[in-house]
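Participant: Please read through the structure below; I'll follow up with questions.
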Amino acid sequence: MAVTKEAIEAALQRGHTIDITTRGRRSGQPRRLEIVFHNIDGRIYISGTPYPRKRRWLLNLEADPHFNFHLKGRTSADLPATARVIDDEAERRAILPHIARAWNRNDLDRMVRYSPLIEVTFD
């Protein structure tokens, strides 16, 4: 059965676990991983827990921002997307408090400094 546009839009209204497939920056091979997305004021973001070194998925998206966003669960769909890496501290400070609350974290300064953060647009 085909997934409707309405079902996809409804699934994107709430953040949950998805998969993304990036292209390896060295190998060119597809790299799929499970991650969580967040809908903040109608915009889609992907982040991660703070860690001093950049994640491979983020390095891959810096090299090639095109990726596949895989909805899974009740609504399953493969959505071509483009990532915009968010490095600006002021923008990070505006977005990451929402994610910190969703994860019950109280280390916002550490998240601003070390958490990967991208905004997703669908192609």
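Every chain in the structure tokens takes a letter, A first, then B, and so on in the order presented; its residues are numbered from 1, and the ligands are numbered from 1 following the presented order.
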Could you give me, as a tab-separated table, a per-residue list for segment 35-70 of chain A showing, wherever an atom lies at most 7 Å from an atom of segment 77-88 of chain A, the closest pair of atoms and their distance in Å to one decimal, using only C-alpha atoms and sorting by chain then residue number from low to high?
Facilitator:
residue	atom	partner	partner_atom	distance
A:Leu61	CA	A:Ala83	CA	6.7
A:Pro65	CA	A:Ala83	CA	4.9
A:His66	CA	A:Thr82	CA	4.5
A:Phe67	CA	A:Ala81	CA	5.4
A:Asn68	CA	A:Pro80	CA	4.6
A:Phe69	CA	A:Leu79	CA	5.0
A:His70	CA	A:Asp78	CA	4.5
Participant: Using DSSP on the backbone, list every residue of chain A that comes out as alpha helix (DSSP H), and give them as a ChimeraX atom specification.
Facilitator: /A:5-12,56-63,89-102,108-114
Participant: Those same residues, written as an mmCIF file, in the first residue's frame with C-alpha atoms?
Facilitator:
data_model
loop_
_atom_site.group_PDB
_atom_site.id
_atom_site.type_symbol
_atom_site.label_atom_id
_atom_site.label_comp_id
_atom_site.auth_asym_id
_atom_site.auth_seq_id
_atom_site.Cartn_x
_atom_site.Cartn_y
_atom_site.Cartn_z
ATOM 1 C CA LYS A 5 1.652 12.596 1.682
ATOM 2 C CA GLU A 6 -0.617 13.208 4.673
ATOM 3 C CA ALA A 7 0.783 10.170 6.516
ATOM 4 C CA ILE A 8 4.340 11.375 5.899
ATOM 5 C CA GLU A 9 3.497 14.893 7.081
ATOM 6 C CA ALA A 10 1.871 13.474 10.222
ATOM 7 C CA ALA A 11 4.938 11.305 10.931
ATOM 8 C CA LEU A 12 7.189 14.351 10.600
ATOM 9 C CA ARG A 56 31.330 10.002 10.910
ATOM 10 C CA TRP A 57 27.778 10.641 9.717
ATOM 11 C CA LEU A 58 28.311 14.373 10.200
ATOM 12 C CA LEU A 59 31.659 14.291 8.383
ATOM 13 C CA ASN A 60 29.941 12.432 5.538
ATOM 14 C CA LEU A 61 27.219 15.094 5.343
ATOM 15 C CA GLU A 62 29.795 17.878 5.374
ATOM 16 C CA ALA A 63 31.413 16.226 2.338
ATOM 17 C CA GLU A 89 26.774 29.290 18.082
ATOM 18 C CA ALA A 90 23.804 31.665 18.300
ATOM 19 C CA GLU A 91 21.696 29.428 16.064
ATOM 20 C CA ARG A 92 22.768 26.353 18.033
ATOM 21 C CA ARG A 93 21.797 28.100 21.291
ATOM 22 C CA ALA A 94 18.337 28.808 19.854
ATOM 23 C CA ILE A 95 17.696 25.203 18.727
ATOM 24 C CA LEU A 96 19.461 22.922 21.187
ATOM 25 C CA PRO A 97 17.417 23.842 24.307
ATOM 26 C CA HIS A 98 14.408 22.150 22.642
ATOM 27 C CA ILE A 99 16.439 18.992 22.068
ATOM 28 C CA ALA A 100 17.965 19.116 25.562
ATOM 29 C CA ARG A 101 14.437 19.243 27.042
ATOM 30 C CA ALA A 102 13.290 16.323 24.884
ATOM 31 C CA LEU A 108 23.212 22.806 27.307
ATOM 32 C CA ASP A 109 26.634 24.470 27.134
ATOM 33 C CA ARG A 110 28.248 21.103 26.433
ATOM 34 C CA MET A 111 25.611 20.336 23.800
ATOM 35 C CA VAL A 112 26.180 23.703 22.101
ATOM 36 C CA ARG A 113 29.905 23.014 22.001
ATOM 37 C CA TYR A 114 29.938 19.320 21.037
#
Participant: Can you list, as a PDB file with N, CA and C atoms, in the first residue's frame, all residues belonging to chain A that DSSP tags as strand (DSSP E or B)?
Facilitator:
ATOM      1  N   THR A  17      12.565   7.992  16.161  1.00  0.00           N
ATOM      2  CA  THR A  17      13.713   7.289  15.599  1.00  0.00           C
ATOM      3  C   THR A  17      13.514   7.043  14.112  1.00  0.00           C
ATOM      4  N   ILE A  18      14.570   7.328  13.368  1.00  0.00           N
ATOM      5  CA  ILE A  18      14.601   7.109  11.921  1.00  0.00           C
ATOM      6  C   ILE A  18      15.938   6.470  11.581  1.00  0.00           C
ATOM      7  N   ASP A  19      16.123   6.156  10.331  1.00  0.00           N
ATOM      8  CA  ASP A  19      17.443   5.824   9.798  1.00  0.00           C
ATOM      9  C   ASP A  19      17.803   6.913   8.801  1.00  0.00           C
ATOM     10  N   ILE A  20      19.101   7.153   8.660  1.00  0.00           N
ATOM     11  CA  ILE A  20      19.572   7.994   7.566  1.00  0.00           C
ATOM     12  C   ILE A  20      20.642   7.218   6.815  1.00  0.00           C
ATOM     13  N   THR A  21      20.728   7.464   5.527  1.00  0.00           N
ATOM     14  CA  THR A  21      21.799   6.887   4.713  1.00  0.00           C
ATOM     15  C   THR A  21      22.585   8.032   4.104  1.00  0.00           C
ATOM     16  N   THR A  22      23.856   8.082   4.480  1.00  0.00           N
ATOM     17  CA  THR A  22      24.781   9.062   3.916  1.00  0.00           C
ATOM     18  C   THR A  22      25.698   8.334   2.947  1.00  0.00           C
ATOM     19  N   ARG A  23      26.505   9.096   2.238  1.00  0.00           N
ATOM     20  CA  ARG A  23      27.508   8.523   1.342  1.00  0.00           C
ATOM     21  C   ARG A  23      28.856   8.700   2.030  1.00  0.00           C
ATOM     22  N   PRO A  30      27.286   3.651   0.611  1.00  0.00           N
ATOM     23  CA  PRO A  30      26.196   4.093   1.481  1.00  0.00           C
ATOM     24  C   PRO A  30      26.445   3.657   2.925  1.00  0.00           C
ATOM     25  N   ARG A  31      26.142   4.550   3.853  1.00  0.00           N
ATOM     26  CA  ARG A  31      26.298   4.289   5.286  1.00  0.00           C
ATOM     27  C   ARG A  31      24.972   4.601   5.968  1.00  0.00           C
ATOM     28  N   ARG A  32      24.343   3.564   6.516  1.00  0.00           N
ATOM     29  CA  ARG A  32      23.025   3.724   7.140  1.00  0.00           C
ATOM     30  C   ARG A  32      23.163   3.613   8.655  1.00  0.00           C
ATOM     31  N   LEU A  33      22.465   4.507   9.366  1.00  0.00           N
ATOM     32  CA  LEU A  33      22.489   4.455  10.823  1.00  0.00           C
ATOM     33  C   LEU A  33      21.156   4.912  11.383  1.00  0.00           C
ATOM     34  N   GLU A  34      20.903   4.481  12.603  1.00  0.00           N
ATOM     35  CA  GLU A  34      19.686   4.865  13.310  1.00  0.00           C
ATOM     36  C   GLU A  34      19.973   6.121  14.127  1.00  0.00           C
ATOM     37  N   ILE A  35      19.020   7.045  14.109  1.00  0.00           N
ATOM     38  CA  ILE A  35      19.196   8.326  14.797  1.00  0.00           C
ATOM     39  C   ILE A  35      17.804   8.900  15.068  1.00  0.00           C
ATOM     40  N   VAL A  36      17.742   9.964  15.847  1.00  0.00           N
ATOM     41  CA  VAL A  36      16.464  10.589  16.197  1.00  0.00           C
ATOM     42  C   VAL A  36      16.371  11.953  15.518  1.00  0.00           C
ATOM     43  N   PHE A  37      15.181  12.273  15.006  1.00  0.00           N
ATOM     44  CA  PHE A  37      14.962  13.619  14.479  1.00  0.00           C
ATOM     45  C   PHE A  37      14.008  14.366  15.398  1.00  0.00           C
ATOM     46  N   HIS A  38      14.010  15.680  15.265  1.00  0.00           N
ATOM     47  CA  HIS A  38      13.169  16.561  16.069  1.00  0.00           C
ATOM     48  C   HIS A  38      12.460  17.538  15.141  1.00  0.00           C
ATOM     49  N   ASN A  39      11.184  17.780  15.407  1.00  0.00           N
ATOM     50  CA  ASN A  39      10.436  18.819  14.706  1.00  0.00           C
ATOM     51  C   ASN A  39      10.315  19.990  15.673  1.00  0.00           C
ATOM     52  N   ILE A  40      10.963  21.091  15.326  1.00  0.00           N
ATOM     53  CA  ILE A  40      10.943  22.281  16.174  1.00  0.00           C
ATOM     54  C   ILE A  40      10.353  23.415  15.346  1.00  0.00           C
ATOM     55  N   ARG A  43      10.270  22.832  11.610  1.00  0.00           N
ATOM     56  CA  ARG A  43      11.541  22.563  10.929  1.00  0.00           C
ATOM     57  C   ARG A  43      12.127  21.276  11.499  1.00  0.00           C
ATOM     58  N   ILE A  44      12.782  20.517  10.633  1.00  0.00           N
ATOM     59  CA  ILE A  44      13.301  19.203  11.007  1.00  0.00           C
ATOM     60  C   ILE A  44      14.798  19.310  11.291  1.00  0.00           C
ATOM     61  N   TYR A  45      15.191  18.773  12.449  1.00  0.00           N
ATOM     62  CA  TYR A  45      16.591  18.776  12.868  1.00  0.00           C
ATOM     63  C   TYR A  45      17.008  17.372  13.280  1.00  0.00           C
ATOM     64  N   ILE A  46      18.287  17.103  13.101  1.00  0.00           N
ATOM     65  CA  ILE A  46      18.904  15.884  13.618  1.00  0.00           C
ATOM     66  C   ILE A  46      20.086  16.326  14.458  1.00  0.00           C
ATOM     67  N   SER A  47      20.186  15.747  15.638  1.00  0.00           N
ATOM     68  CA  SER A  47      21.293  16.062  16.529  1.00  0.00           C
ATOM     69  C   SER A  47      21.802  14.767  17.143  1.00  0.00           C
ATOM     70  N   HIS A  66      23.722  15.562   0.609  1.00  0.00           N
ATOM     71  CA  HIS A  66      22.547  14.814   0.151  1.00  0.00           C
ATOM     72  C   HIS A  66      22.509  13.453   0.845  1.00  0.00           C
ATOM     73  N   PHE A  67      21.324  13.086   1.344  1.00  0.00           N
ATOM     74  CA  PHE A  67      21.178  11.818   2.056  1.00  0.00           C
ATOM     75  C   PHE A  67      19.738  11.346   1.958  1.00  0.00           C
ATOM     76  N   ASN A  68      19.490  10.139   2.458  1.00  0.00           N
ATOM     77  CA  ASN A  68      18.127   9.607   2.518  1.00  0.00           C
ATOM     78  C   ASN A  68      17.672   9.562   3.970  1.00  0.00           C
ATOM     79  N   PHE A  69      16.474  10.042   4.190  1.00  0.00           N
ATOM     80  CA  PHE A  69      15.824  10.124   5.496  1.00  0.00           C
ATOM     81  C   PHE A  69      14.765   9.034   5.482  1.00  0.00           C
ATOM     82  N   HIS A  70      14.939   7.997   6.298  1.00  0.00           N
ATOM     83  CA  HIS A  70      14.061   6.826   6.260  1.00  0.00           C
ATOM     84  C   HIS A  70      13.105   6.847   7.451  1.00  0.00           C
ATOM     85  N   LEU A  71      11.848   7.174   7.190  1.00  0.00           N
ATOM     86  CA  LEU A  71      10.825   7.023   8.222  1.00  0.00           C
ATOM     87  C   LEU A  71      10.593   5.537   8.433  1.00  0.00           C
ATOM     88  N   ALA A  77       8.802   5.377   4.879  1.00  0.00           N
ATOM     89  CA  ALA A  77       9.049   6.065   3.608  1.00  0.00           C
ATOM     90  C   ALA A  77      10.519   6.448   3.534  1.00  0.00           C
ATOM     91  N   ASP A  78      11.051   6.450   2.333  1.00  0.00           N
ATOM     92  CA  ASP A  78      12.426   6.875   2.069  1.00  0.00           C
ATOM     93  C   ASP A  78      12.360   8.241   1.395  1.00  0.00           C
ATOM     94  N   LEU A  79      12.871   9.253   2.073  1.00  0.00           N
ATOM     95  CA  LEU A  79      12.742  10.628   1.601  1.00  0.00           C
ATOM     96  C   LEU A  79      14.111  11.208   1.268  1.00  0.00           C
ATOM     97  N   PRO A  80      14.349  11.585   0.010  1.00  0.00           N
ATOM     98  CA  PRO A  80      15.605  12.256  -0.311  1.00  0.00           C
ATOM     99  C   PRO A  80      15.654  13.614   0.393  1.00  0.00           C
ATOM    100  N   ALA A  81      16.826  13.941   0.935  1.00  0.00           N
ATOM    101  CA  ALA A  81      16.943  15.159   1.731  1.00  0.00           C
ATOM    102  C   ALA A  81      18.326  15.782   1.566  1.00  0.00           C
ATOM    103  N   THR A  82      18.419  17.009   2.053  1.00  0.00           N
ATOM    104  CA  THR A  82      19.684  17.737   2.076  1.00  0.00           C
ATOM    105  C   THR A  82      19.907  18.259   3.488  1.00  0.00           C
ATOM    106  N   ALA A  83      21.141  18.134   3.947  1.00  0.00           N
ATOM    107  CA  ALA A  83      21.511  18.586   5.292  1.00  0.00           C
ATOM    108  C   ALA A  83      22.192  19.941   5.228  1.00  0.00           C
ATOM    109  N   ARG A  84      21.874  20.757   6.205  1.00  0.00           N
ATOM    110  CA  ARG A  84      22.622  21.997   6.438  1.00  0.00           C
ATOM    111  C   ARG A  84      23.226  21.888   7.830  1.00  0.00           C
ATOM    112  N   VAL A  85      24.540  21.774   7.881  1.00  0.00           N
ATOM    113  CA  VAL A  85      25.230  21.671   9.166  1.00  0.00           C
ATOM    114  C   VAL A  85      25.147  23.028   9.859  1.00  0.00           C
ATOM    115  N   LEU A 117      24.640  18.884  14.833  1.00  0.00           N
ATOM    116  CA  LEU A 117      23.326  19.475  14.602  1.00  0.00           C
ATOM    117  C   LEU A 117      23.189  19.832  13.130  1.00  0.00           C
ATOM    118  N   ILE A 118      22.142  19.292  12.515  1.00  0.00           N
ATOM    119  CA  ILE A 118      21.836  19.635  11.126  1.00  0.00           C
ATOM    120  C   ILE A 118      20.360  19.984  11.008  1.00  0.00           C
ATOM    121  N   GLU A 119      20.068  20.822  10.030  1.00  0.00           N
ATOM    122  CA  GLU A 119      18.686  21.064   9.628  1.00  0.00           C
ATOM    123  C   GLU A 119      18.455  20.281   8.348  1.00  0.00           C
ATOM    124  N   VAL A 120      17.301  19.658   8.252  1.00  0.00           N
ATOM    125  CA  VAL A 120      16.954  18.812   7.112  1.00  0.00           C
ATOM    126  C   VAL A 120      15.948  19.540   6.228  1.00  0.00           C
ATOM    127  N   THR A 121      16.209  19.537   4.932  1.00  0.00           N
ATOM    128  CA  THR A 121      15.193  19.956   3.966  1.00  0.00           C
ATOM    129  C   THR A 121      14.978  18.786   3.017  1.00  0.00           C
ATOM    130  N   PHE A 122      13.736  18.599   2.622  1.00  0.00           N
ATOM    131  CA  PHE A 122      13.409  17.477   1.752  1.00  0.00           C
ATOM    132  C   PHE A 122      13.436  17.933   0.303  1.00  0.00           C
TER     133      PHE A 122
END
Participant: What does the distance from atom CA of Ser115 of chain A to atom CA of Tyr51 of chain A come to in Å, to one decimal?
Facilitator: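 Value for the atom CA of Ser115 of chain A-atom CA of Tyr51 of chain A distance: 6.3 Å.
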